[in-house]
file input_5.cif (mmCIF, C-alpha atoms)
data_entry
loop_
_atom_site.label_atom_id
_atom_site.label_comp_id
_atom_site.auth_asym_id
_atom_site.auth_seq_id
_atom_site.Cartn_x
_atom_site.Cartn_y
_atom_site.Cartn_z
CA MET A 1445 0.00 0.00 0.00
CA VAL A 1446 1.50 3.31 -1.07
CA GLU A 1447 1.36 6.03 1.60
CA ARG A 1448 -0.49 9.25 0.78
CA GLU A 1449 2.73 11.23 1.26
CA ALA A 1450 4.10 9.67 -1.93
CA PHE A 1451 1.38 11.46 -3.91
CA ALA A 1452 2.17 14.97 -2.62
CA ALA A 1453 3.08 16.42 -6.03
CA GLY A 1454 0.03 14.91 -7.75
CA LEU A 1455 -2.28 16.02 -4.94
CA ALA A 1456 -0.95 19.56 -5.16
CA ALA A 1457 -1.90 19.60 -8.85
CA LEU A 1458 -5.33 18.05 -8.14
CA HIS A 1459 -5.96 20.78 -5.58
CA ARG A 1460 -5.30 23.50 -8.16
CA PRO A 1461 -7.37 22.67 -11.28
CA VAL A 1462 -6.80 25.08 -14.14
CA LEU A 1463 -10.33 24.87 -15.58
CA PRO A 1464 -11.82 27.41 -13.12
CA LEU A 1465 -9.19 29.91 -14.32
CA VAL A 1466 -10.04 29.05 -17.92
CA GLY A 1467 -13.68 29.78 -17.14
CA ILE A 1468 -12.78 33.24 -15.83
CA VAL A 1469 -10.75 34.01 -18.96
CA GLN A 1470 -13.54 32.76 -21.23
CA PHE A 1471 -16.11 35.00 -19.56
CA LEU A 1472 -13.91 38.10 -19.56
CA TYR A 1473 -12.80 37.60 -23.15
CA LEU A 1474 -16.21 36.82 -24.65
CA THR A 1475 -17.98 39.65 -22.81
CA GLY A 1476 -15.21 42.27 -22.74
CA ASP A 1477 -13.40 44.53 -25.16
CA PHE A 1478 -10.40 42.29 -25.78
CA ALA A 1479 -8.91 41.45 -29.17
CA THR A 1480 -7.09 38.31 -28.01
CA VAL A 1481 -7.18 35.81 -25.18
CA ASP A 1482 -3.58 36.71 -24.33
CA GLU A 1483 -4.69 40.25 -23.46
CA VAL A 1484 -7.07 38.86 -20.84
CA ILE A 1485 -4.45 36.59 -19.33
CA ALA A 1486 -1.95 39.46 -19.17
CA GLU A 1487 -4.41 41.63 -17.22
CA LEU A 1488 -5.39 39.01 -14.65
CA PRO A 1489 -4.54 39.90 -11.04
CA ASP A 1490 -1.59 37.98 -9.60
CA GLU A 1491 -3.79 36.27 -7.04
CA ILE A 1492 -7.21 34.78 -7.78
CA GLU A 1493 -9.28 32.90 -5.24
CA THR A 1494 -12.16 30.61 -6.23
CA GLY A 1495 -14.41 28.54 -4.04
CA TYR A 1496 -11.95 25.66 -4.34
CA ALA A 1497 -8.43 27.06 -4.56
CA CYS A 1498 -6.25 30.15 -4.32
CA TYR A 1499 -3.99 30.80 -7.33
CA ALA A 1500 -1.00 32.94 -6.37
CA HIS A 1501 0.23 33.42 -9.96
CA ALA A 1502 -2.84 32.98 -12.15
CA ALA A 1503 -1.30 34.12 -15.45
CA ALA A 1504 1.69 31.82 -14.99
CA GLU A 1505 -0.57 28.88 -14.22
CA LEU A 1506 -2.59 29.53 -17.37
CA ALA A 1507 0.43 30.02 -19.63
CA PRO A 1508 0.88 26.28 -20.49
CA TYR A 1509 -2.71 26.22 -21.79
CA ALA A 1510 -2.91 29.57 -23.60
CA ASP A 1511 -2.60 27.97 -27.04
CA LEU A 1512 -5.65 25.81 -26.33
CA LEU A 1513 -7.79 28.93 -25.78
CA ARG A 1514 -7.26 30.29 -29.31
CA PRO A 1515 -10.55 28.80 -30.63
CA LEU A 1516 -12.35 31.33 -28.45
CA GLU A 1517 -11.02 34.04 -30.77
CA ALA A 1518 -12.64 32.35 -33.76
CA LEU A 1519 -15.86 32.01 -31.78
CA LYS A 1520 -15.84 35.74 -30.95
CA ALA A 1521 -15.33 36.46 -34.65
CA GLY A 1522 -18.56 34.58 -35.40
CA LYS A 1523 -17.08 31.28 -36.61
CA ARG A 1524 -18.43 27.92 -35.54
CA PRO A 1525 -15.98 25.19 -34.46
CA GLU A 1526 -14.84 22.87 -37.23
CA GLU A 1527 -15.98 19.92 -35.10
CA GLN A 1528 -19.63 19.20 -34.45
CA VAL A 1529 -20.86 18.68 -30.88
CA VAL A 1530 -24.22 17.04 -30.22
CA ASP A 1531 -26.27 16.54 -27.06
CA GLY A 1532 -27.44 13.21 -25.63
CA GLU A 1533 -30.24 13.02 -28.17
CA GLY A 1534 -27.89 13.66 -31.09
CA ASN A 1535 -28.99 17.25 -31.69
CA PRO A 1536 -26.26 19.83 -32.48
CA VAL A 1537 -25.57 22.26 -29.64
CA ASP A 1538 -25.06 25.98 -30.18
CA ALA A 1539 -21.67 27.32 -31.30
CA MET A 1540 -20.68 28.76 -27.91
CA THR A 1541 -21.49 25.57 -26.00
CA ALA A 1542 -19.57 23.52 -28.56
CA ALA A 1543 -16.49 25.78 -28.58
CA ILE A 1544 -16.26 26.03 -24.79
CA ALA A 1545 -16.74 22.27 -24.37
CA LEU A 1546 -14.00 21.48 -26.91
CA VAL A 1547 -11.62 23.95 -25.26
CA SER A 1548 -12.36 22.48 -21.83
CA GLN A 1549 -11.75 18.94 -23.10
CA ARG A 1550 -8.35 19.86 -24.50
CA VAL A 1551 -7.30 21.80 -21.41
CA LEU A 1552 -8.28 18.94 -19.09
CA THR A 1553 -6.58 16.38 -21.32
CA ARG A 1554 -3.30 18.27 -21.07
CA GLU A 1555 -3.61 18.92 -17.35
CA LEU A 1556 -4.60 15.37 -16.49
CA GLU A 1557 -1.67 13.97 -18.45
CA GLN A 1558 0.58 15.71 -15.95
CA ILE A 1559 -1.57 14.84 -12.91
CA ASN A 1560 -1.84 11.17 -13.86
CA SER A 1561 1.91 10.95 -14.43
CA LEU A 1562 2.58 12.41 -10.99
CA LEU A 1563 0.14 10.01 -9.33
CA CYS A 1564 1.06 6.93 -11.36
CA GLY A 1565 4.82 7.03 -10.71
CA PRO A 1566 4.80 6.20 -6.98
CA CYS A 1567 2.49 3.17 -7.45
CA GLY A 1568 4.90 0.92 -9.35
CA CYS A 1569 1.75 -0.60 -10.85
CA LEU A 1570 1.49 -2.51 -14.15
CA LEU A 1571 -2.31 -2.45 -14.37
CA CYS A 1572 -2.37 -0.67 -17.74
CA CYS A 1573 0.33 -2.87 -19.28
CA VAL A 1574 -1.06 -6.39 -18.81
CA GLY A 1575 -4.13 -8.36 -19.77
CA PRO A 1576 -6.73 -9.54 -17.24
CA GLU A 1577 -5.68 -12.12 -14.68
CA ALA A 1578 -6.96 -15.67 -15.15
CA SER A 1579 -9.55 -15.19 -12.39
CA MET A 1580 -11.08 -12.07 -13.96
CA VAL A 1581 -14.31 -11.99 -15.92
CA GLN A 1582 -12.81 -10.09 -18.85
CA SER A 1583 -11.08 -12.04 -21.58
CA TYR A 1584 -8.97 -9.14 -22.88
CA PHE A 1585 -7.80 -5.60 -22.22
CA GLU A 1586 -7.80 -3.04 -25.03
CA ILE A 1587 -5.27 -0.21 -25.47
CA PRO A 1588 -6.59 2.16 -28.20
CA LEU A 1589 -3.83 3.48 -30.45
CA GLN A 1590 -3.36 6.41 -32.78
CA ALA A 1591 -2.43 5.36 -36.32
CA GLY A 1592 1.21 6.42 -35.96
CA GLU A 1593 1.69 4.49 -32.71
CA VAL A 1594 1.39 1.03 -34.26
CA ILE A 1595 5.06 1.12 -35.28
CA PHE A 1596 6.16 0.90 -31.62
CA PHE A 1597 4.84 -2.65 -31.26
CA ARG A 1598 6.46 -5.67 -32.92
CA LEU A 1599 3.37 -7.81 -33.10
CA GLU A 1600 1.09 -9.52 -35.57
CA GLN A 1601 -1.14 -6.96 -37.28
CA ILE A 1602 -4.68 -7.91 -38.23
CA ASP A 1603 -6.24 -5.54 -40.72
CA THR A 1604 -8.98 -7.15 -42.81
CA PRO A 1605 -12.39 -6.15 -44.18
CA VAL A 1606 -13.92 -8.26 -41.41
CA SER A 1607 -11.95 -6.58 -38.60
CA ARG A 1608 -12.70 -3.13 -40.04
CA ALA A 1609 -16.41 -3.97 -39.96
CA HIS A 1610 -16.28 -4.74 -36.22
CA LEU A 1611 -16.06 -2.66 -33.06
CA VAL A 1612 -14.15 -4.10 -30.11
CA GLY A 1613 -17.21 -4.88 -27.99
CA ASP A 1614 -19.45 -6.18 -30.76
CA GLU A 1615 -21.57 -9.28 -30.23
CA PRO A 1616 -20.92 -11.81 -31.56
CA PRO A 1617 -17.21 -11.04 -31.15
CA LEU A 1618 -14.68 -11.09 -33.94
CA GLN A 1619 -13.62 -14.60 -34.91
CA GLY A 1620 -10.03 -15.73 -35.43
CA ALA A 1621 -8.47 -18.83 -36.94
CA GLY A 1622 -9.26 -20.92 -33.85
CA GLY A 1623 -12.54 -19.35 -32.77
CA VAL A 1624 -13.25 -16.17 -30.81
CA PHE A 1625 -10.39 -13.76 -31.38
CA PHE A 1626 -10.05 -12.82 -27.71
CA ASP A 1627 -9.46 -16.46 -26.73
CA ARG A 1628 -6.04 -16.40 -28.37
CA PRO A 1629 -3.11 -16.40 -25.90
CA ASP A 1630 -0.91 -13.78 -27.54
CA PRO A 1631 -1.26 -10.00 -27.91
CA ALA A 1632 -1.95 -8.56 -31.35
CA LEU A 1633 -2.55 -5.26 -33.12
CA ILE A 1634 -5.93 -5.07 -34.79
CA HIS A 1635 -7.61 -2.49 -36.97
CA TRP A 1636 -11.25 -2.14 -35.95
CA GLN A 1637 -13.93 0.04 -37.47
CA SER A 1638 -12.83 2.72 -34.99
CA GLY A 1639 -9.07 2.39 -35.63
CA TRP A 1640 -6.08 0.49 -34.28
CA SER A 1641 -5.76 -1.01 -30.82
CA LEU A 1642 -3.46 -3.34 -28.94
CA ILE A 1643 -5.38 -6.32 -27.55
CA LEU A 1644 -3.94 -8.01 -24.46
CA PRO A 1645 -5.67 -11.38 -23.81
CA ARG A 1646 -5.77 -12.98 -20.35
CA THR A 1647 -2.39 -13.21 -18.58
CA SER A 1648 -0.55 -11.57 -21.51
CA ARG A 1649 1.71 -8.51 -21.29
CA CYS A 1650 2.49 -5.54 -23.47
CA PRO A 1651 5.49 -6.54 -25.62
CA ASN A 1652 7.27 -3.33 -24.59
CA LEU A 1653 7.10 -4.17 -20.88
CA GLU A 1654 10.35 -5.55 -19.47
CA ALA A 1655 10.37 -8.07 -16.62
CA SER A 1656 11.58 -5.27 -14.33
CA GLY A 1657 8.46 -3.25 -15.16
CA ARG A 1658 10.34 -0.72 -17.31
CA CYS A 1659 8.67 0.43 -20.53
CA LEU A 1660 10.94 0.12 -23.57
CA VAL A 1661 9.17 2.94 -25.44
CA TYR A 1662 8.36 5.21 -22.50
CA SER A 1663 9.33 8.43 -24.27
CA ASP A 1664 7.21 7.42 -27.30
CA ARG A 1665 4.48 5.56 -25.40
CA PRO A 1666 0.95 5.76 -26.81
CA GLU A 1667 -1.22 8.74 -26.00
CA VAL A 1668 -3.60 6.62 -23.90
CA CYS A 1669 -0.69 5.35 -21.78
CA ARG A 1670 0.11 8.92 -20.78
CA ARG A 1671 -3.33 9.43 -19.25
CA PRO A 1672 -4.16 6.65 -16.83
CA GLN A 1673 -6.52 6.50 -14.94
CA ILE A 1674 -8.49 9.77 -14.72
CA PHE A 1675 -10.08 10.70 -18.05
CA PRO A 1676 -11.94 13.88 -19.10
CA TYR A 1677 -15.20 13.37 -20.94
CA VAL A 1678 -16.41 16.93 -21.41
CA VAL A 1679 -17.01 15.71 -24.94
CA GLU A 1680 -16.78 12.14 -26.17
CA PRO A 1681 -15.74 11.31 -29.75
CA LEU A 1682 -18.41 9.30 -31.51
CA ARG A 1683 -15.80 7.86 -33.87
CA LYS A 1684 -17.73 8.73 -36.98
CA GLU A 1685 -17.74 11.70 -39.32
CA GLU A 1686 -20.24 13.45 -41.54
CA ASN A 1687 -18.69 15.08 -44.60
CA GLY A 1688 -15.28 14.78 -42.97
CA VAL A 1689 -16.36 16.63 -39.79
CA PRO A 1690 -15.61 14.87 -36.47
CA ILE A 1691 -18.64 14.52 -34.21
CA PHE A 1692 -18.50 14.64 -30.41
CA ARG A 1693 -21.18 14.03 -27.79
CA LEU A 1694 -21.44 16.47 -24.90
CA ARG A 1695 -20.84 14.50 -21.68
CA GLN A 1696 -19.61 17.02 -19.06
CA SER A 1697 -18.12 14.26 -16.91
CA LEU A 1698 -14.88 12.96 -15.43
CA LEU A 1699 -14.15 9.22 -15.39
CA ALA A 1700 -11.79 7.58 -12.90
CA VAL A 1701 -10.99 3.86 -13.08
CA MET A 1702 -11.31 2.18 -9.68
CA ASP A 1703 -8.89 -0.67 -10.47
CA CYS A 1704 -6.08 1.88 -10.12
CA PRO A 1705 -4.44 2.11 -6.67
CA TYR A 1706 -4.22 5.90 -6.63
CA VAL A 1707 -7.83 6.30 -7.73
CA ARG A 1708 -9.03 4.06 -4.88
CA LEU A 1709 -6.93 5.97 -2.36
CA LEU A 1710 -7.74 9.48 -3.59
CA GLN A 1711 -11.45 9.20 -4.46
CA ASP A 1712 -12.45 12.22 -2.36
CA GLU A 1713 -9.77 14.44 -3.88
CA ILE A 1714 -10.60 13.36 -7.44
CA ALA A 1715 -14.32 13.98 -6.82
CA ALA A 1716 -13.51 17.45 -5.44
CA TYR A 1717 -11.43 18.18 -8.56
CA ALA A 1718 -14.42 17.18 -10.73
CA ALA A 1719 -16.74 19.41 -8.69
CA ALA A 1720 -14.37 22.37 -9.06
CA CYS A 1721 -14.44 21.80 -12.83
CA GLU A 1722 -18.27 21.51 -12.73
CA LEU A 1723 -18.18 17.97 -14.09
CA GLU A 1724 -20.16 14.88 -13.14
CA MET A 1725 -17.90 12.37 -11.36
CA ILE A 1726 -18.00 8.75 -12.56
CA PHE A 1727 -16.06 5.97 -10.83
CA ARG A 1728 -16.03 2.54 -12.47
CA HIS A 1729 -13.99 -0.65 -12.74
CA ASN A 1730 -12.24 -1.58 -15.97
CA LYS A 1731 -11.04 -4.98 -14.83
CA ALA A 1732 -12.72 -7.07 -12.14
#

call {"tool": "encode", "arguments": {"input": "input_5.cif", "output": "structure tokens"}}
result
Amino acid sequence: MVEREAFAAGLAALHRPVLPLVGIVQFLYLTGDFATVDEVIAELPDEIETGYACYAHAAAELAPYADLLRPLEALKAGKRPEEQVVDGEGNPVDAMTAAIALVSQRVLTRELEQINSLLCGPCGCLLCCVGPEASMVQSYFEIPLQAGEVIFFRLEQIDTPVSRAHLVGDEPPLQGAGGVFFDRPDPALIHWQSGWSLILPRTSRCPNLEASGRCLVYSDRPEVCRRPQIFPYVVEPLRKEENGVPIFRLRQSLLAVMDCPYVRLLQDEIAAYAAACELEMIFRHNKA
């Protein structure tokens, strides 16, 4: 059991979410006489206190995210986001709701990459790098990949018309040479309808994981491996496009995976972070 003291750096970041500051900048920029977002950030007072945290150097804390706020300038100029955002019923939301949601998603994604890295390090855990144990209900663990990340894995690649017609969780499941694909013992790369993923069957390991637990491609590890196990879902990609335009569903939630040791230990702090960001908190198990 890792002591809470080991998570001091990650907890400090959790206690100072940047999204409340982003919300202040959004409001001032969209309602004020400012030509750029940078002008707003430059005029912020040194110290800003919200209901959750006190920021001693607000502009400095926003600086790593300033580039992600640029779409607000297009919004103020009357342009809709290039992406489409829909509500739970599939109806397009208004341009301001869409733009702010997309900005928030990108800001949280960047911030949580840092927070998760700070919290993950002390655990010495391999949860994200191995398939389910023999006693678990699941028969596989999926690691979604970006197209350019496939080259980091020396594994069999399955890319067929049949695989491209399937999604990972489809029933009946994809069949392989010997039956259900997930019953195979070895990991593989497979191209689904939604893109590439690494499939780790029961008791298997990522091929880039050394016996010592060291990752052979750590500096080039997949995007999803940089963001265990707290995920922003302000918007959720629907993995389909209309006329080349990506479509996202508005979710306004934060997902934390309970299998993870630091998530189990820090549930209250993670829930408080979600509340400060005005997001619904969802805790769930990925493996059980």

call {"tool": "resolve_selection", "arguments": {"input": "input_5.cif", "expression": "the PyMOL selection byres ((chain A and resi 1550) around 10)", "output": "list in words"}}
result
Tyr1509, Leu1512, Leu1513, Ala1545, Leu1546, Val1547, Ser1548, Gln1549, Val1551, Leu1552, Thr1553, Arg1554, Glu1555, Leu1556, Pro1676, Val1678 and Val1679 of chain A

call {"tool": "resolve_selection", "arguments": {"input": "input_5.cif", "expression": "the PyMOL selection byres ((chain A and resi 1453) around 12)", "output": "list in words"}}
result
Arg1448, Glu1449, Ala1450, Phe1451, Ala1452, Gly1454, Leu1455, Ala1456, Ala1457, Leu1458, His1459, Arg1460, Gln1558, Ile1559, Asn1560, Ser1561, Leu1562, Leu1563, Cys1564, Gly1565 and Pro1566 of chain A

call {"tool": "atom_distance", "arguments": {"input": "input_5.cif", "atom1": "atom CA of A:Glu1557", "atom2": "atom CA of A:Tyr1717"}}
result
14.5 Å

call {"tool": "atom_distance", "arguments": {"input": "input_5.cif", "atom1": "atom CA of A:Val1689", "atom2": "atom CA of A:Arg1514"}}
result
19.5 Å

call {"tool": "residues_around", "arguments": {"input": "input_5.cif", "residues": "A:Gly1532", "least_positions_apart": "2", "cutoff": "9 Å", "atoms": "all atoms listed in the file", "output": "MDAnalysis selection string"}}
result
chainID A and resid 1530 1534:1535 1693:1695

call {"tool": "write_last_selection", "arguments": {"input": "input_5.cif", "atoms": "C-alpha atoms", "output": "mmCIF file, in the coordinates of the input"}}
result
data_model
loop_
_atom_site.group_PDB
_atom_site.id
_atom_site.type_symbol
_atom_site.label_atom_id
_atom_site.label_comp_id
_atom_site.auth_asym_id
_atom_site.auth_seq_id
_atom_site.Cartn_x
_atom_site.Cartn_y
_atom_site.Cartn_z
ATOM 1 C CA VAL A 1530 -24.220 17.040 -30.220
ATOM 2 C CA GLY A 1534 -27.890 13.660 -31.090
ATOM 3 C CA ASN A 1535 -28.990 17.250 -31.690
ATOM 4 C CA ARG A 1693 -21.180 14.030 -27.790
ATOM 5 C CA LEU A 1694 -21.440 16.470 -24.900
ATOM 6 C CA ARG A 1695 -20.840 14.500 -21.680
#

call {"tool": "residues_around", "arguments": {"input": "input_5.cif", "residues": "A:Phe1471", "least_positions_apart": "6", "cutoff": "12 Å", "atoms": "all atoms listed in the file", "output": "list of chain:residue names"}}
result
A:Pro1464, A:Leu1465, A:Asp1477, A:Phe1478, A:Val1481, A:Val1484, A:Ile1485, A:Leu1516, A:Lys1520, A:Met1540, A:Ile1544

call {"tool": "resolve_selection", "arguments": {"input": "input_5.cif", "expression": "the PyMOL selection byres ((chain A and resi 1631) around 6)", "output": "list in words"}}
result
Asp1630, Ala1632, Ile1643 and Leu1644 of chain A

call {"tool": "write_last_selection", "arguments": {"input": "input_5.cif", "atoms": "C-alpha atoms", "output": "short mmCIF file (atom, residue, chain, number, x, y, z; two decimals), in the coordinates of the input"}}
result
data_model
loop_
_atom_site.label_atom_id
_atom_site.label_comp_id
_atom_site.auth_asym_id
_atom_site.auth_seq_id
_atom_site.Cartn_x
_atom_site.Cartn_y
_atom_site.Cartn_z
CA ASP A 1630 -0.91 -13.78 -27.54
CA ALA A 1632 -1.95 -8.56 -31.35
CA ILE A 1643 -5.38 -6.32 -27.55
CA LEU A 1644 -3.94 -8.01 -24.46
#

call {"tool": "closest_residue", "arguments": {"input": "input_5.cif", "among": "A:Pro1690, A:Leu1506, A:Ser1656, A:Arg1646", "to": "A:Ser1579", "atoms": "only C-alpha atoms"}}
result
A:Arg1646

call {"tool": "atom_distance", "arguments": {"input": "input_5.cif", "atom1": "atom CA of A:Trp1640", "atom2": "atom CA of A:Leu1589"}}
result
5.4 Å

call {"tool": "closest_residue", "arguments": {"input": "input_5.cif", "among": "A:Pro1645, A:Pro1616, A:Leu1463, A:Cys1659", "to": "A:Met1580", "atoms": "only C-alpha atoms"}}
result
A:Pro1645

call {"tool": "residues_around", "arguments": {"input": "input_5.cif", "residues": "A:Glu1526", "least_positions_apart": "6", "cutoff": "12 Å", "atoms": "only C-alpha atoms", "output": "list in words"}}
result
Pro1515, Ala1518, Leu1519, Ala1539, Ala1542, Ala1543, Leu1546, Glu1685, Glu1686, Asn1687, Gly1688, Val1689, Pro1690, Ile1691 and Phe1692 of chain A

call {"tool": "residues_around", "arguments": {"input": "input_5.cif", "residues": "A:Met1702", "least_positions_apart": "6", "cutoff": "6 Å", "atoms": "only C-alpha atoms", "output": "ChimeraX atom specification"}}
result
/A:1708,1728-1729

call {"tool": "write_last_selection", "arguments": {"input": "input_5.cif", "atoms": "C-alpha atoms", "output": "CSV table (one decimal), in the frame of the given file"}}
result
chain,number,residue,atom,x,y,z
A,1708,ARG,CA,-9.0,4.1,-4.9
A,1728,ARG,CA,-16.0,2.5,-12.5
A,1729,HIS,CA,-14.0,-0.6,-12.7

call {"tool": "residues_around", "arguments": {"input": "input_5.cif", "residues": "A:Glu1577", "least_positions_apart": "2", "cutoff": "9 Å", "atoms": "all atoms listed in the file", "output": "list in words"}}
result
Val1574, Gly1575, Ser1579, Met1580, Val1581, Gln1582, Ser1583, Arg1646, Thr1647, Ser1648 and Lys1731 of chain A

call {"tool": "closest_residue", "arguments": {"input": "input_5.cif", "among": "A:Val1469, A:Val1529, A:Leu1642, A:Cys1572", "to": "A:Thr1541", "atoms": "only C-alpha atoms"}}
result
A:Val1529

call {"tool": "closest_residue", "arguments": {"input": "input_5.cif", "among": "A:Trp1636, A:Tyr1584, A:Phe1675, A:Phe1597", "to": "A:Val1624", "atoms": "all atoms listed in the file"}}
result
A:Tyr1584

call {"tool": "closest_residue", "arguments": {"input": "input_5.cif", "among": "A:Met1725, A:Ala1510, A:Ile1714, A:Val1594", "to": "A:Arg1665", "atoms": "only C-alpha atoms"}}
result
A:Val1594
